[in-house]
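So this block is data20.cif, mmCIF, C-alpha atoms and all ligand atoms:
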data_data
#
loop_
_atom_site.label_atom_id
_atom_site.label_comp_id
_atom_site.auth_asym_id
_atom_site.auth_seq_id
_atom_site.Cartn_x
_atom_site.Cartn_y
_atom_site.Cartn_z
CA ASP F 954 9.51 -28.59 -4.11
CA ARG F 955 9.39 -26.02 -6.89
CA LEU F 956 6.72 -23.77 -5.33
CA PRO F 957 9.20 -21.18 -3.94
CA ALA F 958 10.81 -20.83 -7.38
CA LEU F 959 7.38 -20.35 -8.98
CA LEU F 960 6.39 -17.73 -6.40
CA ALA F 961 9.61 -15.79 -6.95
CA ALA F 962 9.65 -16.02 -10.76
CA MET F 963 6.01 -15.35 -11.63
CA PRO F 964 5.24 -11.88 -12.96
CA LYS F 965 3.02 -10.01 -10.50
CA ALA F 966 1.45 -6.64 -9.76
CA GLU F 967 1.81 -4.87 -6.43
CA LEU F 968 -1.31 -2.86 -5.53
CA HIS F 969 -0.65 -1.89 -1.91
CA ILE F 970 2.70 -0.32 -1.04
CA HIS F 971 3.17 2.91 0.93
CA ILE F 972 6.33 4.43 -0.48
CA GLU F 973 7.21 6.00 2.90
CA GLY F 974 7.02 2.46 4.29
CA SER F 975 9.82 1.37 1.95
CA LEU F 976 12.33 3.68 3.67
CA GLU F 977 14.97 1.34 5.09
CA PRO F 978 16.75 2.37 8.33
CA GLU F 979 20.02 2.79 6.42
CA LEU F 980 18.39 5.31 4.06
CA ILE F 981 16.67 7.09 6.97
CA PHE F 982 20.11 7.62 8.56
CA ALA F 983 21.74 8.66 5.27
CA LEU F 984 18.99 11.21 4.54
CA ALA F 985 19.02 12.50 8.14
CA GLN F 986 22.74 13.21 7.74
CA ARG F 987 22.39 14.68 4.21
CA ASN F 988 19.61 17.03 5.36
CA GLY F 989 20.82 17.80 8.89
CA VAL F 990 17.63 16.38 10.42
CA ALA F 991 17.89 15.07 13.99
CA ILE F 992 16.31 11.68 14.71
CA PRO F 993 15.84 10.23 18.20
CA TYR F 994 17.86 7.04 17.50
CA ALA F 995 21.64 6.64 17.83
CA SER F 996 22.12 3.99 15.16
CA VAL F 997 20.53 1.90 12.43
CA GLU F 998 20.46 -1.03 14.86
CA GLU F 999 18.71 1.00 17.56
CA LEU F 1000 16.10 2.20 15.07
CA ARG F 1001 15.47 -1.32 13.81
CA LYS F 1002 15.04 -2.51 17.40
CA ALA F 1003 12.17 -0.03 17.80
CA TYR F 1004 10.24 -1.97 15.11
CA ALA F 1005 8.29 -4.07 17.62
CA PHE F 1006 4.64 -3.22 17.05
CA THR F 1007 1.50 -4.21 18.93
CA ASN F 1008 -1.11 -2.65 16.64
CA LEU F 1009 -1.52 -0.20 13.76
CA GLN F 1010 -1.05 2.97 15.85
CA SER F 1011 2.19 1.77 17.43
CA PHE F 1012 3.56 1.38 13.89
CA LEU F 1013 2.21 4.68 12.53
CA ASP F 1014 3.96 6.70 15.25
CA ILE F 1015 7.37 5.38 14.14
CA TYR F 1016 6.49 5.45 10.42
CA TYR F 1017 5.69 9.20 10.50
CA ALA F 1018 8.90 9.86 12.47
CA GLY F 1019 10.92 8.00 9.81
CA ALA F 1020 9.40 10.08 7.00
CA SER F 1021 10.61 13.32 8.65
CA VAL F 1022 14.01 12.99 6.93
CA LEU F 1023 12.46 13.53 3.46
CA LEU F 1024 12.91 17.14 2.35
CA LYS F 1025 14.25 17.46 -1.22
CA GLU F 1026 13.01 16.19 -4.58
CA GLN F 1027 16.07 13.92 -4.75
CA ASP F 1028 15.13 12.35 -1.38
CA PHE F 1029 11.73 11.32 -2.75
CA TYR F 1030 13.40 10.04 -5.91
CA ASP F 1031 16.03 8.00 -4.02
CA MET F 1032 13.40 6.38 -1.77
CA THR F 1033 11.19 5.43 -4.71
CA TRP F 1034 14.06 4.20 -6.87
CA ALA F 1035 15.30 1.93 -4.06
CA TYR F 1036 11.82 0.41 -3.80
CA LEU F 1037 11.47 -0.04 -7.56
CA GLU F 1038 14.81 -1.88 -7.77
CA LYS F 1039 13.53 -4.31 -5.13
CA ALA F 1040 10.20 -4.66 -6.93
CA ALA F 1041 12.00 -5.48 -10.20
CA ALA F 1042 14.09 -8.14 -8.42
CA ASP F 1043 10.82 -9.73 -7.20
CA ASN F 1044 9.39 -9.81 -10.76
CA VAL F 1045 6.86 -7.08 -10.00
CA VAL F 1046 6.02 -5.72 -13.47
CA ARG F 1047 3.32 -3.29 -12.35
CA SER F 1048 3.20 -1.28 -9.11
CA GLU F 1049 0.56 1.17 -7.88
CA ILE F 1050 2.35 3.20 -5.23
CA PHE F 1051 0.63 5.03 -2.35
CA PHE F 1052 2.07 8.25 -1.03
CA ASP F 1053 1.02 10.40 1.96
CA PRO F 1054 1.48 14.04 0.91
CA GLN F 1055 0.09 15.45 4.17
CA THR F 1056 3.01 13.89 6.08
CA HIS F 1057 5.31 16.11 4.02
CA THR F 1058 3.31 19.28 3.32
CA ALA F 1059 2.65 19.59 7.09
CA ARG F 1060 6.47 19.92 7.49
CA GLY F 1061 6.67 22.66 4.86
CA VAL F 1062 7.68 20.46 1.89
CA ALA F 1063 5.98 21.62 -1.32
CA MET F 1064 3.50 19.26 -3.01
CA GLN F 1065 5.48 19.67 -6.25
CA THR F 1066 8.70 18.51 -4.57
CA VAL F 1067 6.98 15.32 -3.36
CA ILE F 1068 5.18 14.45 -6.58
CA ASP F 1069 8.06 15.35 -8.93
CA GLY F 1070 10.55 13.15 -7.05
CA LEU F 1071 8.21 10.17 -6.87
CA HIS F 1072 7.09 10.53 -10.49
CA ARG F 1073 10.61 10.88 -11.91
CA ALA F 1074 11.57 7.56 -10.30
CA CYS F 1075 8.46 5.93 -11.81
CA THR F 1076 9.38 7.26 -15.27
CA ASP F 1077 12.96 5.97 -14.95
CA ALA F 1078 11.71 2.57 -13.73
CA LYS F 1079 9.73 1.99 -16.92
CA ALA F 1080 12.79 2.69 -19.08
CA LYS F 1081 15.54 1.09 -16.95
CA LEU F 1082 13.82 -1.68 -14.94
CA GLY F 1083 10.79 -2.61 -17.03
CA VAL F 1084 8.51 -1.84 -14.08
CA ASP F 1085 5.28 0.01 -14.92
CA ALA F 1086 4.71 2.20 -11.84
CA GLU F 1087 2.00 4.76 -11.11
CA LEU F 1088 1.05 6.83 -8.05
CA ILE F 1089 -2.03 6.91 -5.79
CA LEU F 1090 -2.39 9.89 -3.43
CA CYS F 1091 -3.64 8.89 0.03
CA PHE F 1092 -5.54 11.10 2.44
CA LEU F 1093 -4.71 10.66 6.13
CA ARG F 1094 -7.98 9.69 7.80
CA HIS F 1095 -6.97 10.90 11.29
CA LEU F 1096 -6.98 14.45 9.82
CA SER F 1097 -10.12 16.35 8.79
CA GLU F 1098 -12.02 16.19 5.51
CA GLU F 1099 -11.23 19.89 5.12
CA ASP F 1100 -7.51 19.07 5.26
CA ALA F 1101 -8.09 16.38 2.60
CA PHE F 1102 -9.87 18.92 0.35
CA ASP F 1103 -6.96 21.33 0.81
CA THR F 1104 -4.49 18.56 -0.08
CA LEU F 1105 -6.48 17.66 -3.20
CA GLU F 1106 -6.45 21.29 -4.31
CA GLN F 1107 -2.66 21.46 -3.88
CA ALA F 1108 -2.25 18.26 -5.92
CA LEU F 1109 -4.57 19.06 -8.83
CA PRO F 1110 -1.92 21.02 -10.79
CA PHE F 1111 -0.08 17.65 -10.95
CA LYS F 1112 -3.15 15.52 -11.73
CA ASP F 1113 -1.44 13.91 -14.74
CA LYS F 1114 1.13 12.40 -12.32
CA PHE F 1115 -1.22 10.27 -10.18
CA ILE F 1116 -4.01 7.91 -11.16
CA GLY F 1117 -6.17 7.80 -8.06
CA VAL F 1118 -6.71 8.50 -4.39
CA GLY F 1119 -6.78 6.30 -1.29
CA LEU F 1120 -7.46 6.57 2.43
CA ASP F 1121 -4.99 5.40 5.07
CA SER F 1122 -3.63 5.93 8.63
CA SER F 1123 -5.53 5.26 11.90
CA GLU F 1124 -8.68 3.34 10.96
CA VAL F 1125 -10.81 2.81 14.07
CA GLY F 1126 -12.78 5.97 14.90
CA HIS F 1127 -12.25 7.40 11.39
CA PRO F 1128 -14.84 5.63 9.19
CA PRO F 1129 -14.84 6.07 5.41
CA GLU F 1130 -18.00 8.23 5.45
CA LYS F 1131 -15.93 11.01 7.12
CA PHE F 1132 -14.50 11.53 3.58
CA ALA F 1133 -17.72 11.15 1.53
CA ARG F 1134 -17.56 14.61 -0.07
CA VAL F 1135 -13.88 14.64 -0.99
CA PHE F 1136 -14.16 11.17 -2.56
CA ALA F 1137 -17.24 12.31 -4.53
CA LYS F 1138 -15.15 15.17 -5.91
CA CYS F 1139 -12.26 12.83 -6.82
CA ARG F 1140 -14.75 10.51 -8.56
CA ALA F 1141 -16.11 13.44 -10.59
CA LEU F 1142 -12.51 14.26 -11.59
CA GLY F 1143 -12.12 10.75 -13.04
CA LEU F 1144 -9.61 9.53 -10.46
CA HIS F 1145 -9.50 5.90 -9.36
CA LEU F 1146 -10.70 5.33 -5.78
CA VAL F 1147 -9.45 2.90 -3.10
CA ALA F 1148 -9.56 2.90 0.71
CA HIS F 1149 -8.08 0.98 3.60
CA ALA F 1150 -10.97 -0.78 5.38
CA GLY F 1151 -11.29 -3.85 7.54
CA GLU F 1152 -7.62 -3.90 8.56
CA GLU F 1153 -8.43 -3.42 12.26
CA GLY F 1154 -11.85 -1.84 11.71
CA PRO F 1155 -15.21 -3.61 11.38
CA PRO F 1156 -17.05 -4.93 8.30
CA ALA F 1157 -19.25 -1.79 8.50
CA TYR F 1158 -16.22 0.24 7.33
CA VAL F 1159 -15.83 -2.03 4.28
CA TRP F 1160 -19.53 -1.56 3.46
CA SER F 1161 -19.27 2.24 3.69
CA ALA F 1162 -16.04 2.31 1.65
CA LEU F 1163 -17.99 0.51 -1.09
CA ASP F 1164 -21.39 2.18 -0.82
CA VAL F 1165 -20.52 5.71 0.37
CA LEU F 1166 -17.04 6.31 -1.10
CA LYS F 1167 -17.70 4.00 -4.10
CA VAL F 1168 -14.15 2.62 -4.07
CA GLU F 1169 -13.01 0.11 -6.69
CA ARG F 1170 -10.74 -1.88 -4.34
CA ILE F 1171 -10.50 -2.47 -0.60
CA ASP F 1172 -7.04 -2.25 1.01
CA HIS F 1173 -6.71 -5.11 3.53
CA GLY F 1174 -10.37 -6.11 4.06
CA VAL F 1175 -9.31 -9.11 6.14
CA GLN F 1176 -12.05 -8.45 8.74
CA SER F 1177 -14.69 -9.01 6.03
CA PRO F 1178 -15.37 -12.70 6.84
CA LYS F 1179 -16.95 -11.55 10.15
CA ASP F 1180 -19.95 -10.59 7.95
CA PRO F 1181 -21.03 -13.35 5.53
CA GLU F 1182 -23.28 -10.91 3.61
CA LEU F 1183 -20.22 -8.74 2.96
CA VAL F 1184 -18.27 -11.72 1.60
CA LYS F 1185 -21.17 -12.35 -0.82
CA ARG F 1186 -21.05 -8.71 -1.95
CA LEU F 1187 -17.27 -8.76 -2.48
CA ALA F 1188 -17.59 -11.96 -4.52
CA LYS F 1189 -20.57 -10.76 -6.59
CA ASP F 1190 -18.89 -7.49 -7.60
CA ARG F 1191 -15.38 -8.98 -7.84
CA ILE F 1192 -14.01 -6.28 -5.52
CA PRO F 1193 -10.25 -6.82 -5.15
CA LEU F 1194 -8.82 -7.04 -1.61
CA THR F 1195 -5.18 -5.93 -1.38
CA VAL F 1196 -4.05 -8.22 1.43
CA CYS F 1197 -0.70 -7.70 3.20
CA PRO F 1198 0.21 -10.85 5.17
CA LEU F 1199 3.48 -9.78 6.82
CA SER F 1200 1.89 -6.44 7.76
CA ASN F 1201 -1.03 -8.24 9.41
CA LEU F 1202 1.44 -10.46 11.27
CA LYS F 1203 3.65 -7.58 12.51
CA LEU F 1204 0.65 -5.46 13.57
CA CYS F 1205 -0.89 -8.43 15.42
CA VAL F 1206 -4.02 -8.58 13.24
CA PHE F 1207 -3.40 -12.37 13.20
CA PRO F 1208 -1.33 -14.03 15.96
CA GLN F 1209 0.62 -16.19 13.47
CA LEU F 1210 0.95 -16.37 9.69
CA ALA F 1211 -0.59 -19.85 9.87
CA ASP F 1212 -3.77 -18.19 11.20
CA HIS F 1213 -4.03 -15.78 8.24
CA ASN F 1214 -7.26 -15.99 6.24
CA LEU F 1215 -5.77 -15.40 2.76
CA LYS F 1216 -6.35 -19.02 1.66
CA ALA F 1217 -9.96 -18.87 2.91
CA LEU F 1218 -10.55 -15.61 1.01
CA LEU F 1219 -9.26 -17.16 -2.22
CA ASP F 1220 -11.18 -20.40 -1.68
CA ALA F 1221 -14.36 -18.29 -1.19
CA GLY F 1222 -13.79 -16.93 -4.69
CA LEU F 1223 -12.69 -13.42 -3.67
CA VAL F 1224 -10.23 -11.40 -5.77
CA ALA F 1225 -7.56 -11.34 -3.05
CA THR F 1226 -3.99 -10.25 -3.79
CA VAL F 1227 -0.65 -10.30 -1.92
CA ASN F 1228 1.16 -7.03 -1.22
CA SER F 1229 3.97 -5.69 0.98
CA ASP F 1230 2.30 -2.58 2.58
CA ASP F 1231 5.37 -1.13 4.41
CA PRO F 1232 8.14 -3.56 3.52
CA ALA F 1233 10.98 -1.78 5.36
CA TYR F 1234 9.01 -2.05 8.62
CA PHE F 1235 7.28 -5.41 8.26
CA GLY F 1236 10.19 -7.65 7.29
CA GLY F 1237 9.84 -8.21 3.58
CA TYR F 1238 9.08 -7.12 0.05
CA MET F 1239 6.71 -8.95 -2.33
CA ASN F 1240 8.44 -12.30 -2.69
CA GLU F 1241 9.08 -12.55 1.03
CA ASN F 1242 5.34 -12.08 1.59
CA PHE F 1243 4.56 -14.83 -0.93
CA LEU F 1244 7.21 -17.26 0.34
CA GLN F 1245 6.45 -16.92 4.05
CA THR F 1246 2.67 -16.99 3.60
CA PHE F 1247 2.71 -20.07 1.37
CA ALA F 1248 5.09 -21.85 3.75
CA ALA F 1249 2.80 -21.14 6.71
CA THR F 1250 -0.64 -21.79 5.19
CA GLY F 1251 -0.24 -24.72 2.80
CA MET F 1252 -1.42 -22.84 -0.26
CA THR F 1253 -0.60 -24.50 -3.60
CA ALA F 1254 0.60 -23.60 -7.10
CA GLN F 1255 -3.09 -23.11 -8.00
CA HIS F 1256 -3.32 -20.41 -5.35
CA ALA F 1257 -0.12 -18.84 -6.69
CA TYR F 1258 -1.50 -18.56 -10.22
CA GLN F 1259 -4.80 -17.21 -8.85
CA LEU F 1260 -2.96 -14.54 -6.83
CA ALA F 1261 -0.92 -13.47 -9.86
CA ARG F 1262 -4.05 -13.32 -12.07
CA ASN F 1263 -5.95 -11.42 -9.37
CA SER F 1264 -3.16 -8.85 -9.10
CA PHE F 1265 -3.49 -7.96 -12.79
CA GLU F 1266 -7.30 -8.13 -12.81
CA GLY F 1267 -7.36 -5.79 -9.80
CA SER F 1268 -4.82 -3.34 -11.21
CA PHE F 1269 -5.62 -0.03 -12.87
CA ALA F 1270 -3.32 -0.79 -15.80
CA ARG F 1271 -4.61 -0.32 -19.35
CA GLU F 1272 -6.70 -3.33 -20.42
CA ALA F 1273 -4.22 -4.27 -23.15
CA ASP F 1274 -1.38 -4.39 -20.59
CA LYS F 1275 -3.44 -6.46 -18.14
CA ARG F 1276 -4.34 -9.04 -20.79
CA ARG F 1277 -0.64 -9.66 -21.49
CA TYR F 1278 -0.41 -11.31 -18.06
CA ILE F 1279 -3.93 -12.69 -17.35
C1 LIG F 1301 -0.40 1.80 6.84
CL1 LIG F 1301 -0.40 -0.80 7.51
C2 LIG F 1301 -1.17 0.73 7.29
N1 LIG F 1301 -2.44 0.89 7.61
C3 LIG F 1301 -2.99 2.11 7.49
N2 LIG F 1301 -2.33 3.17 7.06
C4 LIG F 1301 -1.04 3.01 6.72
N3 LIG F 1301 -0.14 3.88 6.27
C5 LIG F 1301 1.01 3.24 6.10
N4 LIG F 1301 0.87 1.96 6.44
ZN ZN F 1302 -1.58 0.01 3.83
#

Once more with this new file: its structure as structure tokens, please.
Amino acid sequence: DRLPALLAAMPKAELHIHIEGSLEPELIFALAQRNGVAIPYASVEELRKAYAFTNLQSFLDIYYAGASVLLKEQDFYDMTWAYLEKAAADNVVRSEIFFDPQTHTARGVAMQTVIDGLHRACTDAKAKLGVDAELILCFLRHLSEEDAFDTLEQALPFKDKFIGVGLDSSEVGHPPEKFARVFAKCRALGLHLVAHAGEEGPPAYVWSALDVLKVERIDHGVQSPKDPELVKRLAKDRIPLTVCPLSNLKLCVFPQLADHNLKALLDAGLVATVNSDDPAYFGGYMNENFLQTFAATGMTAQHAYQLARNSFEGSFAREADKRRYI
């Protein structure tokens, strides 16, 4: 069976990766030591044992704790470079990387420190790894719209270093329309727009991400099939869904990988893609997501090609770069 080799070797784009979710326990401990930050775990093994999640919130609590070791520009660089080396090994040629500035600015880290470290790693990746990487700034939806506006203002001096904005963190109870005005401003500034919706939340959140925020892609969106009219809309407008199978498994969105609806989304003609989300926490980077999901669901080489094509169609790369792969 040559499917695993195809999955590993095919060039692909990653459209849904939180860079703070690529922090491996070993690097968390190394940075804690380097920066003199105390963490409530005695060892790498003990920390890894805490990665037993029951839902999104149970993960987020530990994810924000892990990010507390990031203080210096070099810390942000080292984290991003480690991810980009793994992406290159998985034949990811384009990556659109989410970052959560509020997690850092709330601890007194300057916006410039965050963005400069992340962006320097992206620049080096193009030259040294052949990976084309760009940044997407995410607003934390459990915080206020005012806090998001403040974050945008702090980031605008560095607007040439990120290509868009997203919306992440605790979904249920924080619908997209809470951020209508800040997304309208980002749209007027010419930034790309995406939002997490339909990960745990209802189809109504996917509708309002599209119609109120006017996003170009939906992150996750796996709850969409609960509303057949929504599936029609996603198909008609070719709205990409950045699906994250191992994330959905680890956060108990689906009881088993065999129950995942990725194959159904593709067979319905949707522009679904495969992504790693928070690979250090969910048990695998891109190729591990492809390999495990294909093994569990009986998808074929046709599905593999479709997923690779979808990843480039859905990306915000320059048209000429996208056409090289589609
Ligand atoms: C996230 Cl899996 C997931 N969902 C929502 N927000 C996030 N931030 C980092 N990972
Ligand atoms: Zn995510």

Within 10 Å of Leu1023 (chain F), counting only C-alpha atoms, which residues show up once you throw out same-chain ones fewer than 6 positions away? Write them as a CSV table (one decimal) with C-alpha atoms, in the frame of the given file, please.
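Saved as out.csv:
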chain,number,residue,atom,x,y,z
F,973,GLU,CA,7.2,6.0,2.9
F,976,LEU,CA,12.3,3.7,3.7
F,981,ILE,CA,16.7,7.1,7.0
F,984,LEU,CA,19.0,11.2,4.5
F,985,ALA,CA,19.0,12.5,8.1
F,988,ASN,CA,19.6,17.0,5.4
F,990,VAL,CA,17.6,16.4,10.4
F,1029,PHE,CA,11.7,11.3,-2.8
F,1031,ASP,CA,16.0,8.0,-4.0
F,1032,MET,CA,13.4,6.4,-1.8
F,1056,THR,CA,3.0,13.9,6.1
F,1057,HIS,CA,5.3,16.1,4.0
F,1060,ARG,CA,6.5,19.9,7.5
F,1062,VAL,CA,7.7,20.5,1.9
F,1067,VAL,CA,7.0,15.3,-3.4

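Distance annotation: of F:Thr1033, F:Gln1255, F:Ser1122, F:Gln1176, the residue with the minimal separation from ligand LIG 1301 (chain F) is F:Ser1122; atom set is only C-alpha atoms and all ligand atoms.
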
Problem set entry | Within-8 Å residues of ligand LIG 1301 (chain F), basis only C-alpha atoms and all ligand atoms, as a PyMOL selection string | chain F and resi 971+973-974+1009+1012-1013+1016+1053+1093+1120-1124+1149+1152+1200-1201+1204+1230-1231

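Note that the spacing between CA of Ala958 (chain F) and CA of Glu1266 (chain F) amounts to 22.8 Å.
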
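Here CA of Gln1245 (chain F) and CA of Tyr1158 (chain F) stand 28.6 Å from one another.
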
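Residue nearest Met1252 (chain F), chosen from F:Lys1025, F:Arg987, F:Lys1216, F:Arg1094 and counting all atoms listed in the file: F:Lys1216.
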
For this session: Would you mind telling me which residue in F:Val1118, F:Leu1218, F:Leu1082, F:Ala1108 lies nearest to Asn1044 (chain F) when using only C-alpha atoms?
Result: F:Leu1082

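Our summary of the geometry notes that CA of Val1168 (chain F) is positioned 26.4 Å from CA of Lys1203 (chain F).
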
For this session: Can you pull out every residue within 12 Å of Leu1088 (chain F), counting only C-alpha atoms, but drop anything in the same chain fewer than 4 positions away, and send it as a PyMOL selection string?
Result: chain F and resi 967-972+1033+1047-1054+1067-1076+1111-1119+1144-1145+1269-1270

For this session: Give the answer as one residue: which of F:Cys1091, F:Ala1063, F:Ile992, F:Leu1037 has the shortest atom-to-atom distance to ligand ZN 1302 (chain F), using only C-alpha atoms and all ligand atoms?
Result: F:Cys1091

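Ranking F:Pro993, F:Pro1178, F:Cys1139, F:Val1184 by their shortest atom-to-atom distance to Glu1106 (chain F), with only C-alpha atoms included, puts F:Cys1139 first.
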
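Closest to ligand ZN 1302 (chain F) among F:Ala1157, F:Val1196, F:Val1046, F:Ala1035 is F:Val1196, based on all atoms listed in the file.
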
Exercise. Can you tell me, as a count of residues only, which residues sit within 10 Å of (15.2, -13.5, -9.1) in the file's frame, using only C-alpha atoms?
Worked result: 9

Exercise. Within 8 Å of Pro1198 (chain F), counting all atoms listed in the file, which residues qualify if same-chain residues fewer than 2 places away don't, as a list of chain:residue names?
Worked result: F:Val1196, F:Ser1200, F:Asn1201, F:Leu1202, F:Leu1210, F:His1213, F:Leu1215, F:Val1227, F:Asn1228, F:Ser1229, F:Asn1242, F:Thr1246

Okay, now the selection with C-alpha atoms, as an mmCIF file, keeping the file's coordinate frame?
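Now in again_15.cif:
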data_model
loop_
_atom_site.group_PDB
_atom_site.id
_atom_site.type_symbol
_atom_site.label_atom_id
_atom_site.label_comp_id
_atom_site.auth_asym_id
_atom_site.auth_seq_id
_atom_site.Cartn_x
_atom_site.Cartn_y
_atom_site.Cartn_z
ATOM 1 C CA VAL F 1196 -4.050 -8.220 1.430
ATOM 2 C CA SER F 1200 1.890 -6.440 7.760
ATOM 3 C CA ASN F 1201 -1.030 -8.240 9.410
ATOM 4 C CA LEU F 1202 1.440 -10.460 11.270
ATOM 5 C CA LEU F 1210 0.950 -16.370 9.690
ATOM 6 C CA HIS F 1213 -4.030 -15.780 8.240
ATOM 7 C CA LEU F 1215 -5.770 -15.400 2.760
ATOM 8 C CA VAL F 1227 -0.650 -10.300 -1.920
ATOM 9 C CA ASN F 1228 1.160 -7.030 -1.220
ATOM 10 C CA SER F 1229 3.970 -5.690 0.980
ATOM 11 C CA ASN F 1242 5.340 -12.080 1.590
ATOM 12 C CA THR F 1246 2.670 -16.990 3.600
#

Exercise. Region 999-1002 of chain F: which residues within 12 Å, counting only C-alpha atoms, same-chain residues fewer than 6 positions away excluded, as a ChimeraX atom specification?
Worked result: /F:976-982,992-993,1015-1016,1018-1019,1233-1236
